[in-house]
Every structure is written in C-alpha cells, then in structure tokens.
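Structure file coords.tsv (TSV, C-alpha atoms and all ligand atoms) is printed below.
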chain	number	residue	atom	x	y	z
A	18	MET	CA	0.00	0.00	0.00
A	19	SER	CA	1.24	3.44	-0.82
A	20	GLN	CA	1.99	5.78	2.07
A	21	PRO	CA	2.92	9.11	0.48
A	22	GLU	CA	5.09	11.26	2.71
A	23	SER	CA	3.93	14.56	1.23
A	24	LYS	CA	3.27	17.07	3.99
A	25	GLN	CA	-0.18	18.43	3.25
A	26	PRO	CA	-1.86	20.41	6.00
A	27	SER	CA	-3.66	17.60	7.78
A	28	LEU	CA	-7.43	17.72	7.71
A	29	PRO	CA	-9.40	17.27	10.92
A	30	PHE	CA	-10.37	13.70	11.73
A	31	LEU	CA	-13.59	12.72	9.96
A	32	PRO	CA	-15.59	10.76	12.53
A	33	PHE	CA	-17.32	7.53	11.57
A	34	ALA	CA	-20.71	8.96	12.55
A	35	LEU	CA	-22.19	12.23	13.81
A	36	PRO	CA	-25.79	13.10	14.68
A	37	GLU	CA	-27.40	16.03	12.89
A	38	ILE	CA	-28.88	18.27	15.56
A	39	GLY	CA	-30.14	21.68	14.44
A	40	GLU	CA	-31.76	24.73	15.94
A	41	GLU	CA	-35.20	23.08	15.60
A	42	GLU	CA	-34.18	20.24	17.93
A	43	ILE	CA	-32.49	22.61	20.36
A	44	ALA	CA	-35.58	24.84	20.54
A	45	GLU	CA	-37.86	21.84	21.11
A	46	VAL	CA	-35.63	20.50	23.90
A	47	VAL	CA	-35.52	23.94	25.52
A	48	ASP	CA	-39.31	24.00	25.31
A	49	ALA	CA	-39.44	20.65	27.12
A	50	LEU	CA	-37.05	21.92	29.80
A	51	ARG	CA	-39.03	25.13	30.36
A	52	SER	CA	-42.34	23.26	30.43
A	53	GLY	CA	-41.51	21.38	33.61
A	54	TRP	CA	-42.27	18.03	31.92
A	55	VAL	CA	-38.85	16.40	31.70
A	56	THR	CA	-39.92	12.78	31.89
A	57	THR	CA	-42.66	11.02	29.88
A	58	GLY	CA	-45.41	13.50	29.08
A	59	PRO	CA	-47.02	15.44	26.25
A	60	LYS	CA	-44.01	15.45	23.93
A	61	THR	CA	-43.64	11.69	24.19
A	62	ARG	CA	-47.33	11.22	23.38
A	63	GLN	CA	-46.99	13.60	20.43
A	64	PHE	CA	-43.90	11.75	19.23
A	65	GLU	CA	-45.80	8.45	19.30
A	66	GLN	CA	-48.67	9.99	17.33
A	67	ASP	CA	-46.32	11.59	14.82
A	68	PHE	CA	-44.51	8.28	14.41
A	69	VAL	CA	-47.73	6.49	13.49
A	70	ALA	CA	-48.54	9.35	11.10
A	71	PHE	CA	-45.10	9.02	9.53
A	72	LEU	CA	-45.66	5.30	8.98
A	73	GLY	CA	-49.01	6.28	7.52
A	74	ASP	CA	-51.07	3.45	8.98
A	75	PRO	CA	-53.59	4.44	11.68
A	76	GLY	CA	-54.03	0.77	12.60
A	77	LEU	CA	-50.63	0.84	14.27
A	78	GLN	CA	-49.71	1.76	17.81
A	79	ALA	CA	-46.31	3.27	18.60
A	80	ILE	CA	-44.86	2.88	22.08
A	81	ALA	CA	-41.87	5.09	22.85
A	82	VAL	CA	-39.12	3.50	24.92
A	83	ASN	CA	-35.67	4.51	26.10
A	84	SER	CA	-33.84	2.16	23.71
A	85	ALA	CA	-34.50	-0.32	20.94
A	86	THR	CA	-33.12	-2.97	23.25
A	87	ALA	CA	-35.90	-2.12	25.70
A	88	GLY	CA	-38.45	-2.27	22.87
A	89	LEU	CA	-37.25	-5.68	21.73
A	90	HIS	CA	-37.37	-6.93	25.32
A	91	LEU	CA	-40.93	-5.64	25.77
A	92	ALA	CA	-42.00	-7.24	22.48
A	93	LEU	CA	-40.68	-10.66	23.48
A	94	GLU	CA	-42.22	-10.33	26.94
A	95	ALA	CA	-45.58	-9.40	25.46
A	96	ILE	CA	-45.64	-12.33	23.04
A	97	GLY	CA	-44.86	-14.65	25.92
A	98	ILE	CA	-41.35	-15.89	25.12
A	99	GLY	CA	-39.98	-17.83	28.07
A	100	PRO	CA	-37.73	-20.64	29.29
A	101	GLY	CA	-37.70	-23.61	26.93
A	102	ASP	CA	-38.50	-21.46	23.91
A	103	GLU	CA	-36.17	-20.80	21.00
A	104	VAL	CA	-35.95	-17.61	18.95
A	105	ILE	CA	-34.11	-17.57	15.63
A	106	THR	CA	-32.04	-14.58	14.53
A	107	THR	CA	-28.97	-13.74	12.48
A	108	THR	CA	-25.44	-14.12	13.81
A	109	HIS	CA	-24.58	-10.99	11.82
A	110	THR	CA	-26.09	-8.41	14.16
A	111	PHE	CA	-25.49	-6.39	17.28
A	112	THR	CA	-25.76	-8.36	20.50
A	113	ALA	CA	-28.91	-6.44	21.56
A	114	THR	CA	-31.00	-8.45	19.08
A	115	ALA	CA	-30.07	-11.70	20.79
A	116	GLU	CA	-29.54	-10.67	24.40
A	117	VAL	CA	-33.21	-9.83	24.91
A	118	VAL	CA	-34.06	-13.47	24.20
A	119	ARG	CA	-31.81	-14.44	27.08
A	120	TYR	CA	-33.48	-11.80	29.31
A	121	MET	CA	-36.63	-13.92	28.90
A	122	GLY	CA	-34.79	-17.12	29.82
A	123	ALA	CA	-35.29	-18.44	26.29
A	124	ASP	CA	-32.59	-19.63	23.91
A	125	VAL	CA	-31.23	-18.02	20.78
A	126	LYS	CA	-30.68	-19.97	17.59
A	127	LEU	CA	-28.18	-18.00	15.53
A	128	VAL	CA	-28.19	-18.65	11.80
A	129	ASP	CA	-26.08	-17.60	8.82
A	130	ILE	CA	-26.71	-14.82	6.33
A	131	ASP	CA	-27.34	-14.72	2.61
A	132	PRO	CA	-24.02	-13.39	1.22
A	133	ALA	CA	-25.86	-11.45	-1.48
A	134	THR	CA	-27.83	-9.30	0.97
A	135	LEU	CA	-26.00	-9.85	4.29
A	136	ASN	CA	-29.48	-10.41	5.75
A	137	ILE	CA	-30.64	-13.56	7.52
A	138	ASP	CA	-30.90	-16.53	5.13
A	139	PRO	CA	-34.46	-17.90	5.01
A	140	ALA	CA	-33.15	-21.38	4.13
A	141	ALA	CA	-30.96	-21.30	7.24
A	142	ILE	CA	-34.02	-20.35	9.31
A	143	GLU	CA	-35.95	-23.34	7.96
A	144	ALA	CA	-33.07	-25.63	8.84
A	145	ALA	CA	-32.90	-24.28	12.41
A	146	ILE	CA	-36.58	-24.72	13.31
A	147	THR	CA	-37.35	-27.18	16.10
A	148	PRO	CA	-40.55	-27.90	18.05
A	149	ARG	CA	-39.29	-25.30	20.58
A	150	THR	CA	-39.05	-22.47	18.05
A	151	LYS	CA	-41.48	-19.66	18.93
A	152	ALA	CA	-40.34	-16.57	17.07
A	153	LEU	CA	-38.18	-15.12	14.31
A	154	MET	CA	-36.22	-11.90	14.67
A	155	PRO	CA	-35.13	-10.63	11.27
A	156	VAL	CA	-32.73	-7.65	11.22
A	157	HIS	CA	-32.83	-5.29	8.24
A	158	TYR	CA	-29.07	-5.14	8.06
A	159	ALA	CA	-27.59	-1.74	7.13
A	160	GLY	CA	-31.08	-0.58	6.17
A	161	LEU	CA	-31.78	-3.08	3.39
A	162	ALA	CA	-35.10	-4.87	3.93
A	163	VAL	CA	-35.07	-8.58	4.72
A	164	ASP	CA	-37.11	-10.71	2.27
A	165	MET	CA	-40.24	-10.42	4.39
A	166	ASP	CA	-42.27	-12.64	2.03
A	167	ALA	CA	-39.91	-15.48	2.89
A	168	ILE	CA	-40.04	-14.65	6.62
A	169	TYR	CA	-43.86	-14.65	6.71
A	170	ALA	CA	-44.05	-17.84	4.64
A	171	ILE	CA	-41.89	-19.62	7.24
A	172	ALA	CA	-43.71	-18.02	10.17
A	173	ASP	CA	-47.12	-19.00	8.77
A	174	LYS	CA	-46.04	-22.54	8.01
A	175	HIS	CA	-44.68	-23.13	11.52
A	176	GLY	CA	-46.94	-20.85	13.56
A	177	LEU	CA	-44.17	-18.50	14.64
A	178	LYS	CA	-44.24	-14.91	15.87
A	179	VAL	CA	-42.21	-12.28	14.02
A	180	VAL	CA	-40.43	-9.41	15.79
A	181	GLU	CA	-38.46	-7.21	13.40
A	182	ASP	CA	-35.28	-5.57	14.64
A	183	ALA	CA	-35.68	-2.42	12.57
A	184	ALA	CA	-32.88	-0.52	14.31
A	185	HIS	CA	-31.35	0.22	10.88
A	186	ALA	CA	-34.56	0.45	8.89
A	187	LEU	CA	-35.96	3.97	9.20
A	188	PRO	CA	-37.11	4.57	6.56
A	189	THR	CA	-36.81	1.29	4.65
A	190	THR	CA	-39.44	-0.28	2.42
A	191	TRP	CA	-40.22	-3.85	1.41
A	192	ARG	CA	-42.29	-3.95	-1.80
A	193	GLN	CA	-42.89	-0.24	-1.33
A	194	GLN	CA	-44.38	-0.66	2.16
A	195	LEU	CA	-42.51	0.96	5.02
A	196	VAL	CA	-40.89	-1.38	7.50
A	197	GLY	CA	-43.15	-0.99	10.52
A	198	THR	CA	-46.34	-1.38	8.47
A	199	LEU	CA	-46.02	-5.03	7.41
A	200	ARG	CA	-47.74	-7.86	9.30
A	201	SER	CA	-45.18	-8.71	11.98
A	202	ASP	CA	-46.25	-8.98	15.62
A	203	ALA	CA	-43.90	-6.14	16.55
A	204	VAL	CA	-41.29	-3.92	14.93
A	205	VAL	CA	-38.66	-2.02	16.89
A	206	PHE	CA	-36.74	1.08	15.77
A	207	SER	CA	-33.67	2.63	17.42
A	208	PHE	CA	-32.90	6.29	18.01
A	209	TYR	CA	-29.39	5.67	19.29
A	210	ALA	CA	-26.88	8.45	18.50
A	211	ASN	CA	-25.56	6.95	15.25
A	212	LYS	CA	-28.87	5.73	13.81
A	213	THR	CA	-30.75	7.42	10.94
A	214	MET	CA	-32.47	9.70	13.46
A	215	THR	CA	-31.67	10.12	17.11
A	216	THR	CA	-33.12	11.02	20.49
A	217	GLY	CA	-29.73	10.51	22.17
A	218	GLU	CA	-31.00	7.19	23.46
A	219	GLY	CA	-34.44	5.92	22.53
A	220	GLY	CA	-36.53	3.50	20.55
A	221	MET	CA	-40.03	2.86	19.27
A	222	LEU	CA	-42.04	-0.35	19.48
A	223	VAL	CA	-44.68	-0.54	16.75
A	224	THR	CA	-47.48	-3.08	16.63
A	225	ARG	CA	-50.98	-3.54	15.27
A	226	ASP	CA	-51.81	-6.04	18.04
A	227	ALA	CA	-53.88	-4.22	20.69
A	228	ALA	CA	-53.16	-6.79	23.41
A	229	LEU	CA	-49.44	-6.68	22.72
A	230	ALA	CA	-49.51	-2.87	22.84
A	231	ALA	CA	-51.42	-2.86	26.12
A	232	ARG	CA	-48.99	-5.29	27.73
A	233	ALA	CA	-45.93	-3.39	26.46
A	234	LYS	CA	-47.31	-0.11	27.82
A	235	VAL	CA	-47.82	-1.65	31.24
A	236	MET	CA	-44.39	-3.30	31.28
A	237	ARG	CA	-42.68	-0.15	29.99
A	238	LEU	CA	-43.33	1.54	33.32
A	239	HIS	CA	-43.07	-0.73	36.36
A	240	GLY	CA	-46.15	-2.83	35.54
A	241	ILE	CA	-48.41	0.08	36.38
A	242	ASN	CA	-51.93	-0.24	35.06
A	243	ARG	CA	-54.28	2.67	35.34
A	244	ASP	CA	-56.76	1.20	32.85
A	245	ALA	CA	-57.64	-1.56	35.34
A	246	PHE	CA	-59.21	1.09	37.51
A	247	ASP	CA	-61.04	2.64	34.56
A	248	ARG	CA	-63.15	-0.47	34.18
A	249	PHE	CA	-64.83	0.06	37.54
A	250	THR	CA	-65.21	3.77	37.73
A	251	ALA	CA	-65.48	6.64	35.35
A	252	LYS	CA	-63.33	8.86	37.54
A	253	VAL	CA	-59.73	7.82	38.18
A	254	PRO	CA	-58.19	9.78	41.02
A	255	SER	CA	-54.82	11.09	39.83
A	256	TRP	CA	-52.99	9.41	42.69
A	257	TYR	CA	-54.39	5.91	42.06
A	258	TYR	CA	-52.64	3.09	40.21
A	259	GLU	CA	-52.34	-0.69	40.36
A	260	ILE	CA	-49.23	-2.83	39.89
A	261	VAL	CA	-50.11	-5.85	37.81
A	262	ALA	CA	-46.63	-7.21	37.04
A	263	PRO	CA	-42.96	-6.64	37.92
A	264	GLY	CA	-42.42	-4.24	35.02
A	265	PHE	CA	-39.39	-2.38	33.75
A	266	LYS	CA	-38.23	1.25	33.61
A	267	TYR	CA	-38.20	1.70	29.86
A	268	ASN	CA	-40.14	4.95	29.32
A	269	LEU	CA	-38.77	7.69	27.04
A	270	THR	CA	-38.29	11.16	28.50
A	271	ASP	CA	-39.92	14.26	27.03
A	272	ILE	CA	-36.44	15.75	26.61
A	273	ALA	CA	-35.57	12.86	24.31
A	274	ALA	CA	-38.98	12.91	22.63
A	275	ALA	CA	-38.45	16.62	21.87
A	276	LEU	CA	-35.42	15.65	19.80
A	277	GLY	CA	-37.45	12.90	18.15
A	278	LEU	CA	-40.30	15.23	17.17
A	279	GLN	CA	-37.98	17.42	15.12
A	280	GLN	CA	-35.76	14.62	13.81
A	281	LEU	CA	-38.81	12.80	12.47
A	282	LYS	CA	-39.80	15.88	10.45
A	283	ARG	CA	-36.36	15.94	8.87
A	284	LEU	CA	-36.16	12.19	8.26
A	285	PRO	CA	-37.18	12.22	4.56
A	286	GLY	CA	-34.48	14.83	3.93
A	287	PHE	CA	-31.96	12.80	5.91
A	288	GLN	CA	-32.76	9.72	3.83
A	289	ALA	CA	-32.42	11.64	0.57
A	290	ARG	CA	-28.98	12.90	1.57
A	291	ARG	CA	-27.88	9.40	2.65
A	292	GLU	CA	-29.08	8.02	-0.67
A	293	GLN	CA	-27.13	10.70	-2.52
A	294	ILE	CA	-23.92	9.84	-0.67
A	295	ALA	CA	-24.44	6.09	-1.22
A	296	THR	CA	-24.96	6.68	-4.92
A	297	ARG	CA	-21.79	8.77	-5.13
A	298	PHE	CA	-19.82	6.05	-3.29
A	299	ASP	CA	-21.25	3.43	-5.66
A	300	GLU	CA	-20.12	5.24	-8.78
A	301	ALA	CA	-16.74	6.33	-7.41
A	302	LEU	CA	-15.75	2.93	-6.00
A	303	ALA	CA	-17.21	0.73	-8.75
A	304	ASP	CA	-13.88	-0.09	-10.41
A	305	LEU	CA	-12.13	-1.16	-7.18
A	306	PRO	CA	-11.84	-4.78	-6.00
A	307	LEU	CA	-14.75	-4.26	-3.64
A	308	ILE	CA	-18.19	-5.77	-3.28
A	309	LEU	CA	-20.39	-2.71	-2.91
A	310	PRO	CA	-23.53	-2.76	-0.74
A	311	PRO	CA	-26.48	-4.68	-2.21
A	312	ARG	CA	-29.38	-2.59	-3.49
A	313	PRO	CA	-33.05	-3.43	-2.86
A	314	VAL	CA	-34.16	-6.36	-5.04
A	315	HIS	CA	-37.46	-4.75	-5.98
A	316	ALA	CA	-37.41	-1.57	-8.04
A	317	GLY	CA	-38.75	1.47	-6.21
A	318	ASP	CA	-37.85	0.25	-2.73
A	319	THR	CA	-36.13	2.53	-0.23
A	320	HIS	CA	-32.86	1.66	1.52
A	321	SER	CA	-32.35	3.71	4.67
A	322	TRP	CA	-28.56	3.71	4.11
A	323	HIS	CA	-27.89	3.52	7.83
A	324	LEU	CA	-24.61	1.80	6.95
A	325	TYR	CA	-22.46	1.69	3.82
A	326	VAL	CA	-20.67	-1.64	4.10
A	327	VAL	CA	-18.07	-2.69	1.54
A	328	ARG	CA	-16.37	-6.08	1.29
A	329	LEU	CA	-12.99	-6.85	-0.24
A	330	SER	CA	-13.47	-9.05	-3.26
A	331	ASP	CA	-11.69	-12.38	-3.56
A	332	ASP	CA	-9.21	-11.06	-6.10
A	333	THR	CA	-7.42	-8.63	-3.78
A	334	THR	CA	-4.55	-9.36	-1.45
A	335	VAL	CA	-5.07	-6.24	0.62
A	336	THR	CA	-6.51	-7.17	4.00
A	337	ARG	CA	-9.44	-5.53	5.71
A	338	ASP	CA	-7.22	-4.47	8.60
A	339	GLN	CA	-4.78	-2.82	6.17
A	340	VAL	CA	-7.64	-0.85	4.61
A	341	ILE	CA	-8.83	0.31	8.01
A	342	GLU	CA	-5.32	1.30	9.06
A	343	SER	CA	-4.76	3.25	5.87
A	344	LEU	CA	-8.07	5.10	6.26
A	345	PHE	CA	-7.32	5.90	9.90
A	346	ASN	CA	-3.92	7.23	8.85
A	347	ASP	CA	-5.76	9.51	6.43
A	348	GLY	CA	-7.94	10.75	9.28
A	349	ILE	CA	-11.07	8.81	8.39
A	350	GLY	CA	-13.09	6.92	10.97
A	351	VAL	CA	-14.47	3.56	9.90
A	352	SER	CA	-16.10	0.66	11.69
A	353	VAL	CA	-16.99	-3.02	11.26
A	354	HIS	CA	-20.61	-4.19	11.42
A	355	TYR	CA	-20.45	-6.61	12.98
A	356	ILE	CA	-18.10	-8.90	14.79
A	357	PRO	CA	-20.63	-11.74	14.37
A	358	LEU	CA	-22.22	-13.01	17.54
A	359	HIS	CA	-20.76	-16.50	17.03
A	360	LEU	CA	-17.28	-15.06	17.65
A	361	HIS	CA	-18.11	-13.38	20.97
A	362	PRO	CA	-17.17	-15.38	24.08
A	363	TYR	CA	-20.63	-15.37	25.64
A	364	TRP	CA	-22.52	-16.62	22.57
A	365	LYS	CA	-19.73	-18.90	21.39
A	366	GLU	CA	-19.44	-20.64	24.74
A	367	ARG	CA	-23.12	-20.82	25.59
A	368	TYR	CA	-24.02	-22.49	22.30
A	369	ASP	CA	-20.66	-24.08	21.43
A	370	LEU	CA	-20.56	-22.18	18.14
A	371	LYS	CA	-17.89	-22.58	15.44
A	372	PRO	CA	-17.17	-20.20	12.54
A	373	GLU	CA	-17.71	-23.10	10.10
A	374	GLN	CA	-21.40	-23.07	11.05
A	375	PHE	CA	-21.66	-19.52	9.67
A	376	PRO	CA	-19.42	-19.48	6.58
A	377	HIS	CA	-21.07	-16.49	4.89
A	378	SER	CA	-21.14	-14.28	7.98
A	379	GLN	CA	-17.59	-15.31	8.83
A	380	LYS	CA	-16.25	-14.52	5.38
A	381	ALA	CA	-18.16	-11.23	5.19
A	382	TYR	CA	-16.86	-10.23	8.62
A	383	GLU	CA	-13.25	-10.92	7.68
A	384	ARG	CA	-13.49	-8.82	4.52
A	385	MET	CA	-15.86	-5.99	5.48
A	386	LEU	CA	-15.68	-2.45	6.72
A	387	THR	CA	-18.22	0.33	7.07
A	388	LEU	CA	-17.41	3.71	5.55
A	389	PRO	CA	-18.66	6.94	7.13
A	390	LEU	CA	-22.05	7.94	5.72
A	391	TYR	CA	-24.11	10.56	7.49
A	392	THR	CA	-26.03	13.68	6.64
A	393	ARG	CA	-23.50	16.09	8.13
A	394	MET	CA	-20.83	14.94	5.69
A	395	THR	CA	-20.14	17.62	3.11
A	396	ASP	CA	-19.54	16.74	-0.53
A	397	ALA	CA	-15.86	17.40	0.19
A	398	ASP	CA	-15.96	14.90	3.07
A	399	VAL	CA	-17.48	12.31	0.72
A	400	GLU	CA	-14.76	12.92	-1.88
A	401	ARG	CA	-12.12	12.70	0.82
A	402	VAL	CA	-13.37	9.24	1.81
A	403	ILE	CA	-13.42	8.17	-1.86
A	404	THR	CA	-9.87	9.41	-2.44
A	405	ALA	CA	-8.60	7.65	0.67
A	406	VAL	CA	-10.25	4.36	-0.32
A	407	ARG	CA	-8.94	4.60	-3.90
A	408	LYS	CA	-5.46	5.29	-2.53
A	409	VAL	CA	-5.47	1.96	-0.67
A	410	PHE	CA	-5.72	0.21	-4.04
A	411	GLY	CA	-3.22	2.52	-5.74
A	412	ARG	CA	-5.97	4.20	-7.76
A	413	ALA	CA	-6.07	7.64	-6.13
B	1	LIG	C1	-28.46	-0.10	17.54
B	1	LIG	C2	-29.02	-1.48	17.43
B	1	LIG	C3	-29.82	-2.06	18.43
B	1	LIG	C4	-30.00	-1.44	19.76
B	1	LIG	O1	-30.47	-0.16	19.74
B	1	LIG	P1	-30.49	0.68	21.10
B	1	LIG	O2	-31.47	1.77	20.82
B	1	LIG	O3	-29.09	1.18	21.29
B	1	LIG	O4	-30.90	-0.22	22.18
B	1	LIG	C5	-30.40	-3.28	18.19
B	1	LIG	N1	-30.18	-3.95	17.05
B	1	LIG	C6	-29.40	-3.45	16.08
B	1	LIG	C7	-29.22	-4.23	14.82
B	1	LIG	C8	-28.77	-2.21	16.25
B	1	LIG	O5	-27.96	-1.73	15.29
File written out as structure tokens:
Amino acid sequence: MSQPESKQPSLPFLPFALPEIGEEEIAEVVDALRSGWVTTGPKTRQFEQDFVAFLGDPGLQAIAVNSATAGLHLALEAIGIGPGDEVITTTHTFTATAEVVRYMGADVKLVDIDPATLNIDPAAIEAAITPRTKALMPVHYAGLAVDMDAIYAIADKHGLKVVEDAAHALPTTWRQQLVGTLRSDAVVFSFYANKTMTTGEGGMLVTRDAALAARAKVMRLHGINRDAFDRFTAKVPSWYYEIVAPGFKYNLTDIAAALGLQQLKRLPGFQARREQIATRFDEALADLPLILPPRPVHAGDTHSWHLYVVRLSDDTTVTRDQVIESLFNDGIGVSVHYIPLHLHPYWKERYDLKPEQFPHSQKAYERMLTLPLYTRMTDADVERVITAVRKVFGRA
C-alpha cells in the first residue's frame, strides 16, 4: 500500500458517525425543559402519534421507549417468550438483538446470512426450526429490507411470531411498504446516536396487536396499570394506580422525545442525503476490487442507508485491517458491522458455536468495513473518503 510522505496540512479527523442536531431540535428541547415536563409527558405522546402518522397506517400503535433494546425486550415479553423457547435470529447483528431473548430465559438460535444481501438466510431459518421455536427476529441489516415474504411464509407454516429488529430500517421499504407497516407482531426502531435519526438514546415499538400494545405499555413503566381502575369507575383519582406485574423502567423522557419530534420531520431529507452519498460512493468505487452494498431487489424500494458496508473481493490481497489502518492514517473513521455473535465469548461458549457453522457471515466479517455515511458529511468529506479508499488500491 502506498503511504505518500507529502506534507499536506492535515485535515481534521472525519468521525465515523455524527448526529445532525439543528436549531429546531435545540428549541424543542428547551421547550421541554421550560415546560416542567422532563420525563414522559405530552411530547412523548406527540412523538408516538407523529410516528404512526409518519408510517401512515392508523391501525398501528407506537410505544416510545428509552432504547431499541428495551423495545425488543418488551416485544418478546408481550408475546410470551420464556424458558424452553427458542428464537431464531442472524449471527450478523449487534448483540442487543439476541440478548433480549436471554433476558426472557429463552434460547437463541443463531443462523447464517445470505451473502448477497448480508441479511438472515431464510433457508438457514428453515433448517434451524425445532418444536421449541417460537419466534423469528429478522434484522434489516444496514437498512436493506429482509425478504419479508420469505419470513412470513416460514412463520405462517410453523406458527411462529415475528419481531423485526428495525434498528437500521428507518425509513426502509419492502415492496414499497414501510418497515413498521407489514404484518409482523412487533417492529422495533432505534434512536441511538448513530442511527438514521436520534433522540440521544431511545426507541419505538410498533405493533398492530392491541393486546401486545397494552402489555408493552404496562411493562414499559413498572407494571403500572391505570386502565384496570377505569373499568370500575369513570373517575380515576390522579394518585391511584395498580401494579399488575414486575415491570421495567423503559419509558422515554420528554427531553428525548423533543429531539425525536424534530428529527422525524427531517427524516425524509436525511434519507435523501444518505441516498445521494451512497450513490456517489457506488459510482466512485465501482472499479475497485470491492463488493459494494447490495441494493433493494425490488425496483422502487427505499434503503435507509444507515450503513455503507463494503467487502474486499476475492481477487485482492489487501486485508481488511490494512484498509482500516490506511483510512485511519488519512484521518477517516471507519467501523466493522459486525463482529458476528458467534465469535463473541458469551454466545460462542453458551451455544458451542464454530465459525464453520456460519461461513457467509464469517467470510463477510473478515473482509468488510463500514465507511462513514451521514447527513453532516459535506460533498468534500465524501470525496475525501473516496480518495482515501482509492489510494489503498493505488488508484487515487
Ligand atoms: C443499535 C441497534 C440495536 C439497539 O439499539 P439501542 O437503541 O441502542 O438499544 C439493536 N439492534 C441493532 C441491529 C442495532 O444496530
């Protein structure tokens, strides 16, 4: 690899990700702070309503939570996952997807990905089903929709629940329908700092199942049920509540929801900018020995472009680690999504997992890196990343 010694004035480090927070968000947060409502209140309720409006399906309920992890946990709790049950998900994800299954005392069956999409492989799901299997947790990796037709076909055939980890998938469509509006039992979005929109920390559980929504709302806040009282009297004294379960502390604050209200308004613009950057990367990196990110299989579908993941093709001798080092030396932050779960000590040891069981995830992991892609990148930042990547292959 070439390491030119020319002394150019060094540019500031380009971080791997940065949230885009503007004056609108700041004003809305200040409004929350001045209002006196700093925890869950009117802004959280408005955010939930706006989220349903964004998805465009009034049959949905949106339940704001303080992380996607919390939302996934609540979804599994509400569908009744417990000890003895198995839930199937991809090994190529963040540990949050799988850890919530263990919170419920159930077991995780990790399966391999389809190397074309990097999403969970439906054939691998079929092969992993046992009489204990209760649910599937597809992850729309990088923001590219999972083949949901295949997921529902398997779920219907075996009577399984479907909980989508949509942490990357806002906004993503499958056959022109937004993820969140399909027919899964629950769908969970993340508003973590580096996601396509942020509330600092936060998440949204979306469902069209009224019973699931009711249970998740109760469990979101200590197992408090005020509706139980409503059944017996028209007037609920403000001080009265009943505890119906040992719930969790998963509610979103109004300070966070204030951020969410404004971020949601800007989301279509954010997606358009991400798309523009992805398209520029695609054209500028096309001649390099790289496998560029897969595009949606159906024309007209939206990719959220949460992540722009490239893989080294088989015909290059440059290693992934060399690429990362070179980019870091050029002041560019990159990441790897993900170190597959089967390589982490906890998952590996608990389920006695071997890389050979996940050949596609393993190979992708060894050859992949994620380039910076976020709305605050200027066109010059984008070109800088392109130049640095081309330099690695001697094509600057
Ligand atoms: C970020 C992420 C989560 C967790 O989101 P939090 O809001 O941080 O809890 C879950 N799954 C995937 C795939 C993620 O990328």
Centre and edge lengths, as JSON, for the axis-aligned box enclosing every listed atom of ligand LIG 1 (chain B) with 6 Å of padding on each of the six sides, in Å to one decimal?
{"center_x": -29.7, "center_y": -1.2, "center_z": 18.5, "size_x": 15.5, "size_y": 18.0, "size_z": 19.4}
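With a cut-off of 8 Å and using all atoms listed in the file, the polymer residues contacting ligand LIG 1 (chain B) are Asn83, Ser84, Ala85, Thr86, Ala87, Gly88, Thr110, Phe111, Thr112, Ala113, Thr114, Val156, His157, Tyr158, Asp182, Ala183, Ala184, His185, Phe206, Ser207, Phe208, Tyr209, Asn211, Lys212, Glu218, Gly219 and Gly220 of chain A.
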Contact residues around A:Leu72 with all atoms listed in the file at 8 Å, ignoring same-chain residues under 4 positions, as JSON, numbers by chain: {"A": [68, 195, 197, 198]}
Suppose we keep C-alpha atoms; can you now write the selection as an mmCIF file, keeping the file's coordinate frame?
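Output (part-v5.cif):
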data_model
loop_
_atom_site.group_PDB
_atom_site.id
_atom_site.type_symbol
_atom_site.label_atom_id
_atom_site.label_comp_id
_atom_site.auth_asym_id
_atom_site.auth_seq_id
_atom_site.Cartn_x
_atom_site.Cartn_y
_atom_site.Cartn_z
ATOM 1 C CA PHE A 68 -44.510 8.280 14.410
ATOM 2 C CA LEU A 195 -42.510 0.960 5.020
ATOM 3 C CA GLY A 197 -43.150 -0.990 10.520
ATOM 4 C CA THR A 198 -46.340 -1.380 8.470
#
Test item: residues at most 8 Å from A:Arg393, all atoms listed in the file, excluding those fewer than 2 positions along its chain, as number ranges by chain: A: 35-37, 391, 395
A:Ile403 surroundings by all atoms listed in the file, 8 Å radius, close-in-sequence under 3 positions cut, as a VMD selection string: chain A and resid 298 301 to 302 399 to 400 406 to 407
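Here the question is which of A:Ala413, A:Leu278, A:Leu309, A:Ile137 gets nearest to A:Arg401 using only C-alpha atoms, and that residue is A:Ala413.
Nearest residue to A:Val128 among A:Gln288, A:Thr108, A:Gln280, A:Thr270 is A:Thr108, counting all atoms listed in the file.
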